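In what follows, a single structure is set out as structure tokens and then discussed.
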Amino acid sequence: MNFWLVKQEPSAYSWEQFVQDKGTYWNGVRNYQARNNLQAMKKGDLVLFYHSVVGKEIMGIAKVTRESYPDPTAEEGNWVVVDLKPAKAFNKTVTLEEIKNNSKLKDIALIKQSRLSVMPLKATEFKILLQMGDTPYSGV
DNA sequence: GCCAACGTTGGC
DNA sequence: GCCAACGTTGGC
């Protein structure tokens, strides 16, 4: 299993909306590196949902329910989406500041490549973030 | 193919 | 609101 993190501005599509919708297709990615990451996601992979700009915190865990397929909102180009559904909300959201202050997370893509919106996480990073979120998750 | 100009993202 | 980082575009 692989682990990922996706960013979204809550004013565009929030975690709360995601939970209310019981899932969504992750559309609108228009960056090649982010697209490649979407294409590498496998069904069952776990994805952390981060609120950028407003909040700047990880809200919870999502799960990949369908692997990449063409983005129906793309008018041109080879863009893809995956289907995600909420798996578990963090008991305690994890802020960017906390992540920056954790020396074990200094190499996390969220900090190193602040503009990337879909990024891989190492298993160790994922586990640390779950601990920081006070959120045990079976099967990890 | 290089690189300057420009646009976008996102933290501060 | 500013600006750094970085991706994209277009002239040469």
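Chain identifiers are assigned as A, B, and so on, following the order in which chains appear in the structure tokens; residues are numbered from 1 within each chain, and ligands are numbered from 1 in order of appearance.
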Pick out the residues sitting within 12 Å of DA4 in chain B, and hand them over as a ChimeraX atom specification; count only C-alpha atoms (C1' of nucleotides), and ignore anything fewer than 4 positions along from it in its own chain.
/C:9-12
Residue selection dump (C-alpha atoms (C1' of nucleotides)) as a CSV table (one decimal), in the first residue's frame:
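And here is the file that came out, out14.csv:
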```csv
chain,number,residue,atom,x,y,z
C,9,DT,C1',4.7,30.3,-22.8
C,10,DG,C1',6.7,32.4,-26.6
C,11,DG,C1',10.4,34.9,-29.1
C,12,DC,C1',14.7,34.2,-30.9
```
Looking only at helix (DSSP H, G or I) from DSSP on the backbone, list the matching residues of chain A as number ranges by chain.
A: 15-21, 32-40, 96-101, 103-105, 109-112, 123-132
As a ChimeraX atom specification, could you give me every residue of chain A near chain C (at most 10 Å apart, counting only C-alpha atoms (C1' of nucleotides))?
/A:31-32,113-116
Residues within 7 Å of Ser52 in chain A, only C-alpha atoms (C1' of nucleotides), excluding chain neighbours under 2 positions, as a PDB file with N, CA and C atoms, in the first residue's frame:
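As written to disk, selection_37.pdb reads:
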```pdb
ATOM      1  N   LYS A   7      -3.827  18.322  -1.414  1.00  0.00           N
ATOM      2  CA  LYS A   7      -4.119  19.644  -0.872  1.00  0.00           C
ATOM      3  C   LYS A   7      -5.349  20.211  -1.576  1.00  0.00           C
ATOM      4  N   GLN A   8      -6.087  20.951  -0.811  1.00  0.00           N
ATOM      5  CA  GLN A   8      -7.220  21.638  -1.402  1.00  0.00           C
ATOM      6  C   GLN A   8      -7.527  22.856  -0.544  1.00  0.00           C
ATOM      7  N   GLU A   9      -7.877  23.942  -1.214  1.00  0.00           N
ATOM      8  CA  GLU A   9      -8.324  25.107  -0.455  1.00  0.00           C
ATOM      9  C   GLU A   9      -9.754  24.838   0.002  1.00  0.00           C
ATOM     10  N   TYR A  50      -5.433  17.706   3.119  1.00  0.00           N
ATOM     11  CA  TYR A  50      -4.865  18.914   3.735  1.00  0.00           C
ATOM     12  C   TYR A  50      -5.589  20.157   3.231  1.00  0.00           C
ATOM     13  N   VAL A  54      -6.348  28.353   3.949  1.00  0.00           N
ATOM     14  CA  VAL A  54      -7.202  28.600   5.109  1.00  0.00           C
ATOM     15  C   VAL A  54      -7.147  27.383   6.022  1.00  0.00           C
ATOM     16  N   GLY A  55      -6.615  27.556   7.209  1.00  0.00           N
ATOM     17  CA  GLY A  55      -6.477  26.445   8.137  1.00  0.00           C
ATOM     18  C   GLY A  55      -5.081  25.868   8.122  1.00  0.00           C
ATOM     19  N   LYS A  56      -4.596  25.535   6.917  1.00  0.00           N
ATOM     20  CA  LYS A  56      -3.270  24.936   6.769  1.00  0.00           C
ATOM     21  C   LYS A  56      -3.103  23.764   7.732  1.00  0.00           C
TER      22      LYS A  56
END
```
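Across the model, the gap from CA of Pro136 in chain A to CA of Val53 in chain A is 26.6 Å.
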Please report, as a PyMOL selection string, each residue of chain A to which DSSP assigns strand (DSSP E) when run on this structure's backbone.
chain A and resi 3-8+24-25+46-51+57-70+80-95+118-121
Restricted to N, CA and C atoms, what would the selected residues look like written as a compact mmCIF listing (two decimals), in the first residue's frame?
```txt
# COMPACT_ATOMS: atom_id res chain seq x y z
N PHE A 3 1.02 5.66 0.33
CA PHE A 3 0.41 6.74 1.09
C PHE A 3 0.63 8.07 0.37
N TRP A 4 -0.37 8.94 0.47
CA TRP A 4 -0.36 10.18 -0.30
C TRP A 4 -0.91 11.32 0.54
N LEU A 5 -0.71 12.51 0.02
CA LEU A 5 -1.35 13.68 0.62
C LEU A 5 -1.86 14.56 -0.51
N VAL A 6 -3.09 15.00 -0.39
CA VAL A 6 -3.64 15.94 -1.37
C VAL A 6 -3.98 17.24 -0.66
N LYS A 7 -3.83 18.32 -1.41
CA LYS A 7 -4.12 19.64 -0.87
C LYS A 7 -5.35 20.21 -1.58
N GLN A 8 -6.09 20.95 -0.81
CA GLN A 8 -7.22 21.64 -1.40
C GLN A 8 -7.53 22.86 -0.54
N THR A 24 -15.74 11.81 -3.60
CA THR A 24 -15.72 12.66 -4.78
C THR A 24 -14.71 12.11 -5.77
N TYR A 25 -14.72 12.66 -6.98
CA TYR A 25 -13.61 12.39 -7.89
C TYR A 25 -12.69 13.60 -7.85
N LEU A 46 -4.11 5.01 0.99
CA LEU A 46 -4.65 6.01 1.92
C LEU A 46 -4.07 7.39 1.63
N VAL A 47 -4.93 8.39 1.73
CA VAL A 47 -4.60 9.75 1.30
C VAL A 47 -4.98 10.73 2.40
N LEU A 48 -4.03 11.52 2.83
CA LEU A 48 -4.36 12.55 3.81
C LEU A 48 -4.89 13.78 3.08
N PHE A 49 -5.86 14.42 3.69
CA PHE A 49 -6.56 15.56 3.09
C PHE A 49 -6.13 16.82 3.83
N TYR A 50 -5.43 17.71 3.12
CA TYR A 50 -4.87 18.91 3.73
C TYR A 50 -5.59 20.16 3.23
N HIS A 51 -5.91 21.03 4.16
CA HIS A 51 -6.51 22.33 3.80
C HIS A 51 -5.41 23.36 3.62
N GLU A 57 -3.99 22.79 7.61
CA GLU A 57 -3.95 21.65 8.52
C GLU A 57 -4.50 20.41 7.83
N ILE A 58 -4.03 19.26 8.33
CA ILE A 58 -4.52 17.99 7.82
C ILE A 58 -5.81 17.65 8.54
N MET A 59 -6.84 17.34 7.76
CA MET A 59 -8.17 17.15 8.31
C MET A 59 -8.50 15.69 8.58
N GLY A 60 -8.01 14.80 7.74
CA GLY A 60 -8.36 13.40 7.94
C GLY A 60 -7.83 12.51 6.84
N ILE A 61 -8.32 11.28 6.86
CA ILE A 61 -7.83 10.23 5.96
C ILE A 61 -8.91 9.92 4.92
N ALA A 62 -8.48 9.82 3.68
CA ALA A 62 -9.36 9.38 2.61
C ALA A 62 -8.79 8.09 2.02
N LYS A 63 -9.62 7.40 1.28
CA LYS A 63 -9.19 6.13 0.68
C LYS A 63 -9.48 6.17 -0.81
N VAL A 64 -8.55 5.62 -1.58
CA VAL A 64 -8.75 5.55 -3.04
C VAL A 64 -9.74 4.43 -3.32
N THR A 65 -10.86 4.78 -3.99
CA THR A 65 -11.87 3.76 -4.31
C THR A 65 -11.88 3.42 -5.79
N ARG A 66 -11.27 4.27 -6.62
CA ARG A 66 -11.15 3.95 -8.04
C ARG A 66 -9.86 4.55 -8.56
N GLU A 67 -9.11 3.74 -9.28
CA GLU A 67 -7.82 4.21 -9.81
C GLU A 67 -8.05 5.16 -10.98
N SER A 68 -6.98 5.78 -11.44
CA SER A 68 -7.07 6.94 -12.34
C SER A 68 -7.83 6.64 -13.62
N TYR A 69 -8.62 7.62 -14.03
CA TYR A 69 -9.34 7.57 -15.31
C TYR A 69 -9.42 9.01 -15.82
N PRO A 70 -9.76 9.22 -17.10
CA PRO A 70 -9.68 10.57 -17.67
C PRO A 70 -10.56 11.58 -16.91
N VAL A 80 -6.10 13.30 -15.51
CA VAL A 80 -6.84 12.18 -14.90
C VAL A 80 -7.39 12.57 -13.52
N VAL A 81 -8.32 11.75 -13.06
CA VAL A 81 -8.86 11.87 -11.70
C VAL A 81 -8.79 10.49 -11.04
N VAL A 82 -8.92 10.47 -9.73
CA VAL A 82 -9.20 9.23 -8.99
C VAL A 82 -10.44 9.49 -8.14
N ASP A 83 -11.08 8.40 -7.73
CA ASP A 83 -12.19 8.53 -6.79
C ASP A 83 -11.66 8.35 -5.37
N LEU A 84 -12.11 9.25 -4.49
CA LEU A 84 -11.73 9.17 -3.08
C LEU A 84 -12.99 9.17 -2.23
N LYS A 85 -12.90 8.47 -1.10
CA LYS A 85 -13.99 8.58 -0.12
C LYS A 85 -13.39 8.80 1.25
N PRO A 86 -14.13 9.45 2.14
CA PRO A 86 -13.60 9.68 3.49
C PRO A 86 -13.43 8.35 4.21
N ALA A 87 -12.31 8.21 4.91
CA ALA A 87 -12.07 6.99 5.69
C ALA A 87 -12.20 7.30 7.18
N LYS A 88 -11.53 8.35 7.64
CA LYS A 88 -11.59 8.70 9.06
C LYS A 88 -11.14 10.14 9.26
N ALA A 89 -11.92 10.88 10.00
CA ALA A 89 -11.51 12.24 10.35
C ALA A 89 -10.46 12.19 11.44
N PHE A 90 -9.49 13.08 11.37
CA PHE A 90 -8.53 13.17 12.47
C PHE A 90 -9.24 13.64 13.74
N ASN A 91 -8.89 13.01 14.86
CA ASN A 91 -9.42 13.47 16.15
C ASN A 91 -8.87 14.84 16.49
N LYS A 92 -7.65 15.08 15.99
CA LYS A 92 -7.01 16.37 16.21
C LYS A 92 -6.35 16.75 14.89
N THR A 93 -6.73 17.87 14.32
CA THR A 93 -6.10 18.26 13.05
C THR A 93 -4.62 18.57 13.28
N VAL A 94 -3.83 18.33 12.26
CA VAL A 94 -2.38 18.55 12.36
C VAL A 94 -2.02 19.74 11.49
N THR A 95 -1.50 20.78 12.13
CA THR A 95 -1.22 22.01 11.40
C THR A 95 0.14 21.98 10.72
N VAL A 118 -0.55 17.14 -5.18
CA VAL A 118 -0.73 15.71 -4.93
C VAL A 118 0.65 15.12 -4.76
N MET A 119 0.94 14.56 -3.58
CA MET A 119 2.32 14.12 -3.32
C MET A 119 2.34 12.81 -2.56
N PRO A 120 3.40 12.02 -2.78
CA PRO A 120 3.54 10.78 -2.02
C PRO A 120 4.04 11.05 -0.61
N LEU A 121 3.67 10.18 0.31
CA LEU A 121 4.19 10.20 1.67
C LEU A 121 4.88 8.87 1.93
```
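When CA of Ser138 in chain A is paired with CA of Val19 in chain A, their separation reads 19.4 Å.
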